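The file upload_21.pdb comes next; it holds PDB, C-alpha atoms.
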```
MODEL        1
ATOM      1  CA  MET T  61     114.372 151.109  99.463
ATOM      2  CA  ASN T  62     111.318 148.883  99.314
ATOM      3  CA  ARG T  63     108.792 150.987 101.270
ATOM      4  CA  ILE T  64     108.228 153.115 104.392
ATOM      5  CA  ASN T  65     105.902 151.929 107.155
ATOM      6  CA  VAL T  66     104.147 154.637 109.203
ATOM      7  CA  ASP T  67     102.580 154.184 112.645
ATOM      8  CA  PRO T  68      99.777 156.805 112.878
ATOM      9  CA  LEU T  69      99.311 156.144 116.628
ATOM     10  CA  PHE T  70     102.975 156.630 117.562
ATOM     11  CA  GLN T  71     103.541 159.180 120.353
ATOM     12  CA  LYS T  72     107.057 160.490 120.519
ATOM     13  CA  MET T  73     107.068 161.141 124.275
ATOM     14  CA  GLY T  74     104.662 158.376 125.203
ATOM     15  CA  HIS T  75     104.902 154.707 126.116
ATOM     16  CA  HIS T  76     105.652 152.299 123.316
ATOM     17  CA  GLU T  77     104.950 148.858 124.746
ATOM     18  CA  GLY T  78     102.396 148.200 121.998
ATOM     19  CA  THR T  79     104.262 149.999 119.257
ATOM     20  CA  GLN T  80     103.643 148.694 115.769
ATOM     21  CA  TYR T  81     107.151 149.103 114.338
ATOM     22  CA  ARG T  82     110.710 148.738 115.734
ATOM     23  CA  CYS T  83     114.203 149.021 114.302
ATOM     24  CA  GLU T  84     115.657 145.542 113.768
ATOM     25  CA  ALA T  85     119.172 146.857 114.425
ATOM     26  CA  CYS T  86     118.674 148.762 117.714
ATOM     27  CA  ASN T  87     115.105 147.751 118.723
ATOM     28  CA  ARG T  88     113.956 151.383 119.101
ATOM     29  CA  PRO T  89     110.205 152.014 118.661
ATOM     30  CA  LEU T  90     109.495 153.831 115.405
ATOM     31  CA  LYS T  91     106.954 156.095 113.812
ATOM     32  CA  TYR T  92     108.716 155.677 110.450
ATOM     33  CA  GLN T  93     110.223 152.295 109.601
ATOM     34  CA  PHE T  94     112.360 152.148 106.449
ATOM     35  CA  VAL T  95     112.142 148.784 104.711
ATOM     36  CA  LEU T  96     115.143 147.988 102.510
ATOM     37  CA  ARG T  97     115.943 144.985 100.343
ATOM     38  CA  SER T  98     119.576 144.069  99.650
ATOM     39  CA  LEU T  99     120.423 143.817  95.969
ATOM     40  CA  ASN T 100     123.091 141.238  96.770
ATOM     41  CA  ASP T 101     121.249 138.618  98.818
ATOM     42  CA  GLN T 102     117.650 139.955  98.663
ATOM     43  CA  ARG T 103     117.598 140.150 102.469
ATOM     44  CA  VAL T 104     115.033 142.589 103.918
ATOM     45  CA  TYR T 105     116.086 145.135 106.573
ATOM     46  CA  LYS T 106     113.605 147.114 108.713
ATOM     47  CA  LEU T 107     115.373 150.114 110.220
ATOM     48  CA  GLY T 108     114.875 153.453 111.904
ATOM     49  CA  VAL T 109     116.256 156.606 110.354
ATOM     50  CA  SER T 110     119.657 156.526 112.164
ATOM     51  CA  CYS T 111     120.357 152.918 111.333
ATOM     52  CA  PHE T 112     119.028 153.480 107.836
ATOM     53  CA  LEU T 113     121.599 156.258 107.348
ATOM     54  CA  SER T 114     124.392 154.040 108.608
ATOM     55  CA  TYR T 115     123.364 151.020 106.521
ATOM     56  CA  ALA T 116     122.527 152.769 103.270
ATOM     57  CA  GLY T 117     125.378 155.254 103.380
ATOM     58  CA  ILE T 118     123.211 158.162 102.179
ATOM     59  CA  SER T 119     123.174 161.760 103.336
ATOM     60  CA  GLN T 120     120.942 163.227 106.023
ATOM     61  CA  MET T 121     119.612 165.682 103.402
ATOM     62  CA  THR T 122     118.320 162.794 101.294
ATOM     63  CA  VAL T 123     116.633 161.185 104.284
ATOM     64  CA  ASN T 124     115.120 164.548 105.264
ATOM     65  CA  GLY T 125     113.663 164.829 101.780
ATOM     66  CA  ILE T 126     112.150 161.358 102.037
ATOM     67  CA  GLN T 127     110.746 162.090 105.474
ATOM     68  CA  SER T 128     109.298 165.384 104.244
ATOM     69  CA  HIS T 129     107.251 163.522 101.631
ATOM     70  CA  VAL T 130     106.205 160.943 104.217
ATOM     71  CA  ASN T 131     105.125 163.687 106.632
ATOM     72  CA  ALA T 132     103.056 165.367 103.884
ATOM     73  CA  ALA T 133     101.368 162.046 103.102
ATOM     74  CA  SER T 134     100.651 161.439 106.781
ATOM     75  CA  LYS T 135      99.197 164.912 107.206
ATOM     76  CA  TYR T 136      97.048 164.369 104.092
ATOM     77  CA  ARG T 137      95.738 161.089 105.504
ATOM     78  CA  ASP T 138      95.137 162.520 108.988
ATOM     79  CA  GLN T 139      93.074 165.420 107.596
ATOM     80  CA  ILE T 140      90.856 163.019 105.658
ATOM     81  CA  ILE T 141      90.352 160.794 108.716
ATOM     82  CA  ALA T 142      89.526 163.851 110.846
ATOM     83  CA  ARG T 143      86.922 164.973 108.279
ATOM     84  CA  TYR T 144      85.441 161.468 108.227
ATOM     85  CA  LYS T 145      85.165 161.418 112.037
ATOM     86  CA  THR T 146      83.184 164.679 111.969
ATOM     87  CA  GLY T 147      80.594 163.056 109.704
ATOM     88  CA  LYS T 148      81.800 164.282 106.318
ATOM     89  CA  ARG T 149      81.440 161.917 103.378
ATOM     90  CA  PHE T 150      81.871 161.887  99.603
ATOM     91  CA  LEU T 151      79.556 164.789  98.752
ATOM     92  CA  GLY T 152      76.671 164.812  96.316
ATOM     93  CA  ASP T 153      78.211 167.626  94.267
ATOM     94  CA  GLU T 154      81.463 165.660  94.084
ATOM     95  CA  ILE T 155      79.491 162.715  92.685
ATOM     96  CA  ASN T 156      77.913 165.037  90.093
ATOM     97  CA  ILE T 157      81.285 166.516  89.155
ATOM     98  CA  LEU T 158      82.836 163.058  88.860
ATOM     99  CA  SER T 159      79.923 161.852  86.705
ATOM    100  CA  PHE T 160      80.310 164.939  84.496
ATOM    101  CA  ILE T 161      84.039 164.282  84.067
ATOM    102  CA  VAL T 162      83.484 160.576  83.334
ATOM    103  CA  SER T 163      80.916 161.443  80.647
ATOM    104  CA  ARG T 164      83.418 163.754  78.934
ATOM    105  CA  LEU T 165      86.518 161.567  79.122
ATOM    106  CA  ARG T 166      85.451 158.494  77.166
ATOM    107  CA  ASN T 167      88.210 157.541  74.715
ATOM    108  CA  GLN T 168      90.255 160.637  75.600
ATOM    109  CA  GLU T 169      93.867 160.833  76.713
ATOM    110  CA  VAL T 170      94.391 162.168  80.238
ATOM    111  CA  ASP T 171      97.681 163.398  81.703
ATOM    112  CA  ASP T 172      99.185 161.722  84.773
ATOM    113  CA  GLU T 173      98.062 164.415  87.218
ATOM    114  CA  HIS T 174      94.416 164.229  86.159
ATOM    115  CA  ARG T 175      94.527 160.433  85.903
ATOM    116  CA  LEU T 176      95.682 160.225  89.540
ATOM    117  CA  LEU T 177      92.974 162.680  90.631
ATOM    118  CA  TYR T 178      90.341 160.670  88.757
ATOM    119  CA  LYS T 179      91.426 157.365  90.350
ATOM    120  CA  LYS T 180      91.509 159.009  93.758
ATOM    121  CA  ALA T 181      87.985 160.384  93.347
ATOM    122  CA  GLN T 182      86.697 156.990  92.165
ATOM    123  CA  LEU T 183      88.233 155.285  95.205
ATOM    124  CA  PHE T 184      86.870 157.831  97.670
ATOM    125  CA  LYS T 185      83.435 157.473  96.086
ATOM    126  CA  GLN T 186      83.545 153.682  96.498
ATOM    127  CA  ILE T 187      84.409 153.854 100.211
ATOM    128  CA  ASP T 188      82.298 156.996 100.814
ATOM    129  CA  PHE T 189      85.194 158.946 102.296
ATOM    130  CA  PRO T 190      85.421 162.756 102.122
ATOM    131  CA  MET T 191      87.953 164.088  99.659
ATOM    132  CA  HIS T 192      90.788 166.262 100.861
ATOM    133  CA  PRO T 193      89.944 169.975 100.322
ATOM    134  CA  ASP T 194      92.868 170.311  97.881
ATOM    135  CA  ASP T 195      91.550 167.385  95.821
ATOM    136  CA  ASN T 196      88.027 168.811  95.927
ATOM    137  CA  ARG T 197      89.288 172.121  94.562
ATOM    138  CA  ALA T 198      91.341 170.325  91.909
ATOM    139  CA  LEU T 199      88.274 168.307  90.860
ATOM    140  CA  ARG T 200      86.196 171.498  90.476
ATOM    141  CA  ALA T 201      89.007 173.224  88.567
ATOM    142  CA  TRP T 202      89.201 170.242  86.221
ATOM    143  CA  LYS T 203      85.483 170.486  85.505
ATOM    144  CA  ARG T 204      85.858 174.220  84.770
ATOM    145  CA  GLU T 205      88.688 173.437  82.336
ATOM    146  CA  ILE T 206      86.467 170.916  80.525
ATOM    147  CA  VAL T 207      83.520 173.363  80.374
ATOM    148  CA  ILE T 208      85.716 176.203  79.053
ATOM    149  CA  GLU T 209      87.221 173.916  76.411
ATOM    150  CA  GLU T 210      83.761 172.694  75.354
ATOM    151  CA  GLN T 211      82.533 176.284  75.041
ATOM    152  CA  LYS T 212      85.594 177.127  72.955
ATOM    153  CA  GLN T 213      84.987 174.155  70.653
ATOM    154  CA  GLN T 214      81.286 175.066  70.376
ATOM    155  CA  ARG T 215      82.167 178.615  69.323
ATOM    156  CA  LEU T 216      84.607 177.287  66.723
ATOM    157  CA  LEU T 217      81.932 174.911  65.413
ATOM    158  CA  GLU T 218      79.366 177.706  65.152
ATOM    159  CA  GLU T 219      81.883 179.931  63.359
ATOM    160  CA  ARG T 220      82.629 177.150  60.864
ATOM    161  CA  GLN T 221      78.923 176.544  60.307
ATOM    162  CA  GLU T 222      78.304 180.257  59.762
ATOM    163  CA  GLU T 223      81.173 180.425  57.294
ATOM    164  CA  GLU T 224      79.897 177.347  55.465
ATOM    165  CA  GLN T 225      76.409 178.863  55.335
ATOM    166  CA  ARG T 226      77.809 182.128  54.013
ATOM    167  CA  LEU T 227      79.750 180.326  51.306
ATOM    168  CA  MET T 228      76.704 178.257  50.363
ATOM    169  CA  THR T 229      74.594 181.392  50.110
ATOM    170  CA  GLN T 230      77.172 183.072  47.929
ATOM    171  CA  ALA T 231      77.600 180.007  45.767
ATOM    172  CA  LYS T 232      73.889 179.464  45.122
ATOM    173  CA  PRO T 233      71.954 182.440  43.714
ATOM    174  CA  LEU T 234      68.213 182.563  44.354
ATOM    175  CA  THR T 235      65.986 180.862  41.842
ATOM    176  CA  LYS T 236      63.229 182.797  40.087
ATOM    177  CA  GLN T 237      60.638 181.156  42.327
ATOM    178  CA  GLN T 238      62.627 182.002  45.498
ATOM    179  CA  GLU T 239      62.926 185.624  44.394
ATOM    180  CA  GLU T 240      59.170 185.857  43.806
ATOM    181  CA  ILE T 241      58.392 184.313  47.190
ATOM    182  CA  LEU T 242      60.783 186.662  48.965
ATOM    183  CA  GLN T 243      59.415 189.716  47.159
ATOM    184  CA  ASN T 244      55.839 188.717  48.003
ATOM    185  CA  TYR T 245      56.886 188.376  51.630
ATOM    186  CA  VAL T 246      58.364 191.876  51.510
ATOM    187  CA  ILE T 247      55.119 193.310  50.057
ATOM    188  CA  ILE T 248      52.943 191.596  52.668
ATOM    189  CA  GLN T 249      55.153 192.800  55.526
ATOM    190  CA  CYS T 250      55.288 196.359  54.179
ATOM    191  CA  ASN T 251      51.513 196.567  53.827
ATOM    192  CA  TYR T 252      50.949 195.161  57.297
ATOM    193  CA  ILE T 253      53.378 197.607  58.890
ATOM    194  CA  ALA T 254      51.888 200.551  56.943
ATOM    195  CA  ASN T 255      48.366 199.708  58.128
ATOM    196  CA  GLU T 256      49.498 199.408  61.750
ATOM    197  CA  LEU T 257      51.381 202.717  61.659
ATOM    198  CA  ASN T 258      48.464 204.549  60.004
ATOM    199  CA  LYS T 259      45.991 203.094  62.475
ATOM    200  CA  ASN T 260      47.981 204.233  65.528
ATOM    201  CA  SER T 261      49.021 207.673  64.237
ATOM    202  CA  ASN T 262      47.382 211.072  64.816
ATOM    203  CA  SER T 263      49.362 212.669  61.950
ATOM    204  CA  GLU T 264      47.672 214.296  58.969
ATOM    205  CA  TRP T 265      50.106 212.244  56.882
ATOM    206  CA  LYS T 266      49.261 208.643  56.052
ATOM    207  CA  ILE T 267      51.387 205.999  54.371
ATOM    208  CA  GLU T 268      50.041 205.637  50.840
ATOM    209  CA  SER T 269      52.409 202.940  49.608
ATOM    210  CA  ILE T 270      55.759 201.290  50.267
ATOM    211  CA  ARG T 271      58.147 199.955  47.676
ATOM    212  CA  MET T 272      61.012 197.789  48.818
ATOM    213  CA  SER T 273      63.275 195.366  46.978
ATOM    214  CA  HIS T 274      64.534 192.151  48.540
ATOM    215  CA  ASP T 275      67.947 192.465  46.853
ATOM    216  CA  CYS T 276      68.744 196.137  47.583
ATOM    217  CA  SER T 277      68.070 197.220  43.981
ATOM    218  CA  VAL T 278      66.742 200.775  43.534
ATOM    219  CA  VAL T 279      62.931 200.984  43.400
ATOM    220  CA  GLY T 280      62.472 204.779  43.336
ATOM    221  CA  SER T 281      63.753 208.187  44.403
ATOM    222  CA  CYS T 282      63.349 210.414  47.437
ATOM    223  CA  ILE T 283      62.059 213.992  46.969
ATOM    224  CA  CYS T 284      65.716 215.040  47.028
ATOM    225  CA  GLY T 285      66.451 212.861  43.989
ATOM    226  CA  LYS T 286      68.433 210.130  45.785
ATOM    227  CA  GLY T 287      67.645 206.613  44.607
ATOM    228  CA  SER T 288      66.825 203.985  47.238
ATOM    229  CA  SER T 289      65.832 200.331  47.645
ATOM    230  CA  LEU T 290      63.010 201.401  50.002
ATOM    231  CA  ILE T 291      60.656 204.257  49.179
ATOM    232  CA  VAL T 292      57.757 205.353  51.407
ATOM    233  CA  THR T 293      55.025 207.453  49.764
ATOM    234  CA  LEU T 294      52.909 209.539  52.162
ATOM    235  CA  LYS T 295      49.790 211.627  51.458
ATOM    236  CA  ASN T 296      48.365 214.405  53.622
ATOM    237  CA  GLY T 297      44.798 215.628  54.049
ATOM    238  CA  ASN T 298      45.128 218.011  51.090
ATOM    239  CA  GLY T 299      45.924 215.133  48.756
ATOM    240  CA  LEU T 300      49.645 216.003  48.474
ATOM    241  CA  ALA T 301      51.690 212.836  47.976
ATOM    242  CA  LEU T 302      55.451 212.810  48.531
ATOM    243  CA  SER T 303      58.016 210.001  48.372
ATOM    244  CA  PHE T 304      60.933 209.582  50.787
ATOM    245  CA  ASP T 305      63.742 207.152  51.487
ATOM    246  CA  LEU T 306      64.163 206.114  55.135
ATOM    247  CA  ASP T 307      66.604 208.881  55.954
ATOM    248  CA  GLY T 308      64.586 211.511  54.128
ATOM    249  CA  VAL T 309      61.274 210.749  55.840
ATOM    250  CA  PHE T 310      62.713 212.360  58.965
ATOM    251  CA  ALA T 311      65.570 214.498  57.660
ATOM    252  CA  HIS T 312      63.442 216.608  55.278
ATOM    253  CA  SER T 313      61.146 217.669  58.158
ATOM    254  CA  VAL T 314      58.011 217.430  56.013
ATOM    255  CA  VAL T 315      56.141 214.729  57.897
ATOM    256  CA  THR T 316      54.690 215.893  61.211
ATOM    257  CA  PRO T 317      54.715 215.164  64.003
ATOM    258  CA  GLN T 318      58.311 214.060  63.773
ATOM    259  CA  LEU T 319      57.568 211.192  66.163
ATOM    260  CA  PHE T 320      55.530 209.599  63.361
ATOM    261  CA  ALA T 321      58.469 210.059  60.975
ATOM    262  CA  ARG T 322      60.749 208.408  63.535
ATOM    263  CA  GLN T 323      58.331 205.480  63.900
ATOM    264  CA  ILE T 324      58.285 204.944  60.126
ATOM    265  CA  GLN T 325      62.056 205.156  59.968
ATOM    266  CA  GLY T 326      62.716 202.768  62.877
ATOM    267  CA  THR T 327      60.128 200.169  61.878
ATOM    268  CA  PHE T 328      61.284 199.835  58.300
ATOM    269  CA  HIS T 329      64.956 199.869  59.260
ATOM    270  CA  GLY T 330      64.147 196.762  61.318
ATOM    271  CA  LEU T 331      62.342 195.081  58.420
ATOM    272  CA  ARG T 332      65.205 195.795  56.031
ATOM    273  CA  SER T 333      67.696 194.302  58.512
ATOM    274  CA  ASP T 334      65.565 191.138  58.748
ATOM    275  CA  ILE T 335      65.418 190.788  54.971
TER     276      ILE T 335
ENDMDL
END
```
Encoding of this model in structure tokens:
Amino acid sequence: MNRINVDPLFQKMGHHEGTQYRCEACNRPLKYQFVLRSLNDQRVYKLGVSCFLSYAGISQMTVNGIQSHVNAASKYRDQIIARYKTGKRFLGDEINILSFIVSRLRNQEVDDEHRLLYKKAQLFKQIDFPMHPDDNRALRAWKREIVIEEQKQQRLLEERQEEEQRLMTQAKPLTKQQEEILQNYVIIQCNYIANELNKNSNSEWKIESIRMSHDCSVVGSCICGKGSSLIVTLKNGNGLALSFDLDGVFAHSVVTPQLFARQIQGTFHGLRSDI
């Protein structure tokens, strides 16, 4: 079979004086004209479905299958024409979606289904025709697939970069100068935080000093004897000075009010996490 001609204006029960297609064998007016080319003599035959069955010697089921596809194509076309007649055109968001897809597909392989959708969208854009709702949904779904894949690739890239950074950090110990700079930063931050907490507290206890290492090495002991990389020394109005680790400053219930102890604990936990 060479092709199928379809008359969109054909009316089954109407008059057919001006019909576009007729069967060459029986002269009946046709909505669907089957065009066949003989393999023997290359002669072209233009037939209706009954004569087509007789000439080609194929089953009614096969012809029904062919006609089913033709009917679906006709319905597809008619819906687009109806949308066009109501003033619908190739929408602005469809243009944006198509532009997005084009920008992502340079030098990439595309499967047949998406290639057909892409060509269809390009054609409809050129003639400013509205896309069929099914194609519009497929175009949006395609964009979502691209976005999800890009997000997945971005996450993988970030994970690789984090792993590379971790390995680089492990592979390169800090120099003496870097250690000094980091420790000075720790001292400056500790002093600043201590001054701010003392200034805004109504406790009889004041932060006397803070010792904190940048590498988690032990710098002193809590009043309970436990060594720690961060020791806060507080002094009350009677001149009593006591040293605590971050857990002990609250847990030992010496510093009052306990809200102040909680503030000390929370603030320096945050600084240690940053370091």
Test item: residues at most 12 Å from range 120-129 of chain T, only C-alpha atoms, excluding those fewer than 6 positions along its chain, as number ranges by chain: T: 61, 63-66, 91-94, 108-114, 135-136
For each of T:Lys145, T:Arg97, T:Lys106, T:Lys295, take the minimum atom-to-atom distance to Ala85 in chain T, counting only C-alpha atoms, then give the residue where this is smallest. T:Lys106
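Closest to Asp195 in chain T among T:His174, T:Lys266, T:Arg332, T:Arg215 is T:His174, based on only C-alpha atoms.
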Could you name the residues that touch Asp138 in chain T at 12 Å or less, counting all atoms listed in the file, but leaving out those on the same chain fewer than 4 positions away, as a PyMOL selection string? chain T and resi 66-69+131-134+142-145+190-192
On this structure, which residues satisfy the PyMOL selection byres ((chain T and resi 184) around 12), written as an MDAnalysis selection string? chainID T and resid 140:141 144 148:151 154:155 158 177:183 185:192 195:196
Export C-alpha atoms of the chosen residues as a PDB file, in the frame of the given file?
```
ATOM      1  CA  ILE T 140      90.856 163.019 105.658  1.00  0.00           C
ATOM      2  CA  ILE T 141      90.352 160.794 108.716  1.00  0.00           C
ATOM      3  CA  TYR T 144      85.441 161.468 108.227  1.00  0.00           C
ATOM      4  CA  LYS T 148      81.800 164.282 106.318  1.00  0.00           C
ATOM      5  CA  ARG T 149      81.440 161.917 103.378  1.00  0.00           C
ATOM      6  CA  PHE T 150      81.871 161.887  99.603  1.00  0.00           C
ATOM      7  CA  LEU T 151      79.556 164.789  98.752  1.00  0.00           C
ATOM      8  CA  GLU T 154      81.463 165.660  94.084  1.00  0.00           C
ATOM      9  CA  ILE T 155      79.491 162.715  92.685  1.00  0.00           C
ATOM     10  CA  LEU T 158      82.836 163.058  88.860  1.00  0.00           C
ATOM     11  CA  LEU T 177      92.974 162.680  90.631  1.00  0.00           C
ATOM     12  CA  TYR T 178      90.341 160.670  88.757  1.00  0.00           C
ATOM     13  CA  LYS T 179      91.426 157.365  90.350  1.00  0.00           C
ATOM     14  CA  LYS T 180      91.509 159.009  93.758  1.00  0.00           C
ATOM     15  CA  ALA T 181      87.985 160.384  93.347  1.00  0.00           C
ATOM     16  CA  GLN T 182      86.697 156.990  92.165  1.00  0.00           C
ATOM     17  CA  LEU T 183      88.233 155.285  95.205  1.00  0.00           C
ATOM     18  CA  LYS T 185      83.435 157.473  96.086  1.00  0.00           C
ATOM     19  CA  GLN T 186      83.545 153.682  96.498  1.00  0.00           C
ATOM     20  CA  ILE T 187      84.409 153.854 100.211  1.00  0.00           C
ATOM     21  CA  ASP T 188      82.298 156.996 100.814  1.00  0.00           C
ATOM     22  CA  PHE T 189      85.194 158.946 102.296  1.00  0.00           C
ATOM     23  CA  PRO T 190      85.421 162.756 102.122  1.00  0.00           C
ATOM     24  CA  MET T 191      87.953 164.088  99.659  1.00  0.00           C
ATOM     25  CA  HIS T 192      90.788 166.262 100.861  1.00  0.00           C
ATOM     26  CA  ASP T 195      91.550 167.385  95.821  1.00  0.00           C
ATOM     27  CA  ASN T 196      88.027 168.811  95.927  1.00  0.00           C
TER      28      ASN T 196
END
```
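CA of Asp172 in chain T is positioned 15.9 Å from CA of Glu205 in chain T.
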Just add N, CA and C atoms to range 236-260 of chain T and send it as a short mmCIF file (atom, residue, chain, number, x, y, z; two decimals), in the coordinates of the input.
```cif
data_model
loop_
_atom_site.label_atom_id
_atom_site.label_comp_id
_atom_site.auth_asym_id
_atom_site.auth_seq_id
_atom_site.Cartn_x
_atom_site.Cartn_y
_atom_site.Cartn_z
N LYS T 236 64.31 181.87 40.43
CA LYS T 236 63.23 182.80 40.09
C LYS T 236 62.08 182.65 41.08
N GLN T 237 61.74 181.40 41.39
CA GLN T 237 60.64 181.16 42.33
C GLN T 237 60.96 181.70 43.71
N GLN T 238 62.22 181.50 44.18
CA GLN T 238 62.63 182.00 45.50
C GLN T 238 62.57 183.53 45.54
N GLU T 239 62.98 184.17 44.45
CA GLU T 239 62.93 185.62 44.39
C GLU T 239 61.48 186.13 44.48
N GLU T 240 60.58 185.46 43.77
CA GLU T 240 59.17 185.86 43.81
C GLU T 240 58.58 185.68 45.20
N ILE T 241 58.90 184.56 45.83
CA ILE T 241 58.39 184.31 47.19
C ILE T 241 58.90 185.37 48.16
N LEU T 242 60.19 185.67 48.07
CA LEU T 242 60.78 186.66 48.96
C LEU T 242 60.19 188.05 48.73
N GLN T 243 59.98 188.41 47.46
CA GLN T 243 59.42 189.72 47.16
C GLN T 243 57.98 189.82 47.64
N ASN T 244 57.22 188.73 47.50
CA ASN T 244 55.84 188.72 48.00
C ASN T 244 55.82 188.87 49.52
N TYR T 245 56.78 188.23 50.16
CA TYR T 245 56.89 188.38 51.63
C TYR T 245 57.14 189.83 52.00
N VAL T 246 58.04 190.47 51.26
CA VAL T 246 58.36 191.88 51.51
C VAL T 246 57.11 192.74 51.36
N ILE T 247 56.33 192.52 50.31
CA ILE T 247 55.12 193.31 50.06
C ILE T 247 54.11 193.13 51.19
N ILE T 248 53.90 191.89 51.59
CA ILE T 248 52.94 191.60 52.67
C ILE T 248 53.36 192.29 53.96
N GLN T 249 54.66 192.18 54.30
CA GLN T 249 55.15 192.80 55.53
C GLN T 249 55.04 194.32 55.47
N CYS T 250 55.36 194.90 54.33
CA CYS T 250 55.29 196.36 54.18
C CYS T 250 53.85 196.85 54.36
N ASN T 251 52.92 196.17 53.73
CA ASN T 251 51.51 196.57 53.83
C ASN T 251 50.99 196.43 55.25
N TYR T 252 51.39 195.36 55.91
CA TYR T 252 50.95 195.16 57.30
C TYR T 252 51.48 196.27 58.20
N ILE T 253 52.76 196.57 58.06
CA ILE T 253 53.38 197.61 58.89
C ILE T 253 52.75 198.97 58.60
N ALA T 254 52.50 199.27 57.31
CA ALA T 254 51.89 200.55 56.94
C ALA T 254 50.51 200.71 57.57
N ASN T 255 49.71 199.65 57.53
CA ASN T 255 48.37 199.71 58.13
C ASN T 255 48.43 199.94 59.63
N GLU T 256 49.37 199.26 60.30
CA GLU T 256 49.50 199.41 61.75
C GLU T 256 49.95 200.82 62.11
N LEU T 257 50.90 201.36 61.37
CA LEU T 257 51.38 202.72 61.66
C LEU T 257 50.28 203.75 61.40
N ASN T 258 49.56 203.61 60.31
CA ASN T 258 48.46 204.55 60.00
C ASN T 258 47.38 204.49 61.08
N LYS T 259 47.07 203.29 61.51
CA LYS T 259 45.99 203.09 62.48
C LYS T 259 46.31 203.74 63.82
N ASN T 260 47.59 203.74 64.20
CA ASN T 260 47.98 204.23 65.53
C ASN T 260 48.59 205.64 65.48
#
```
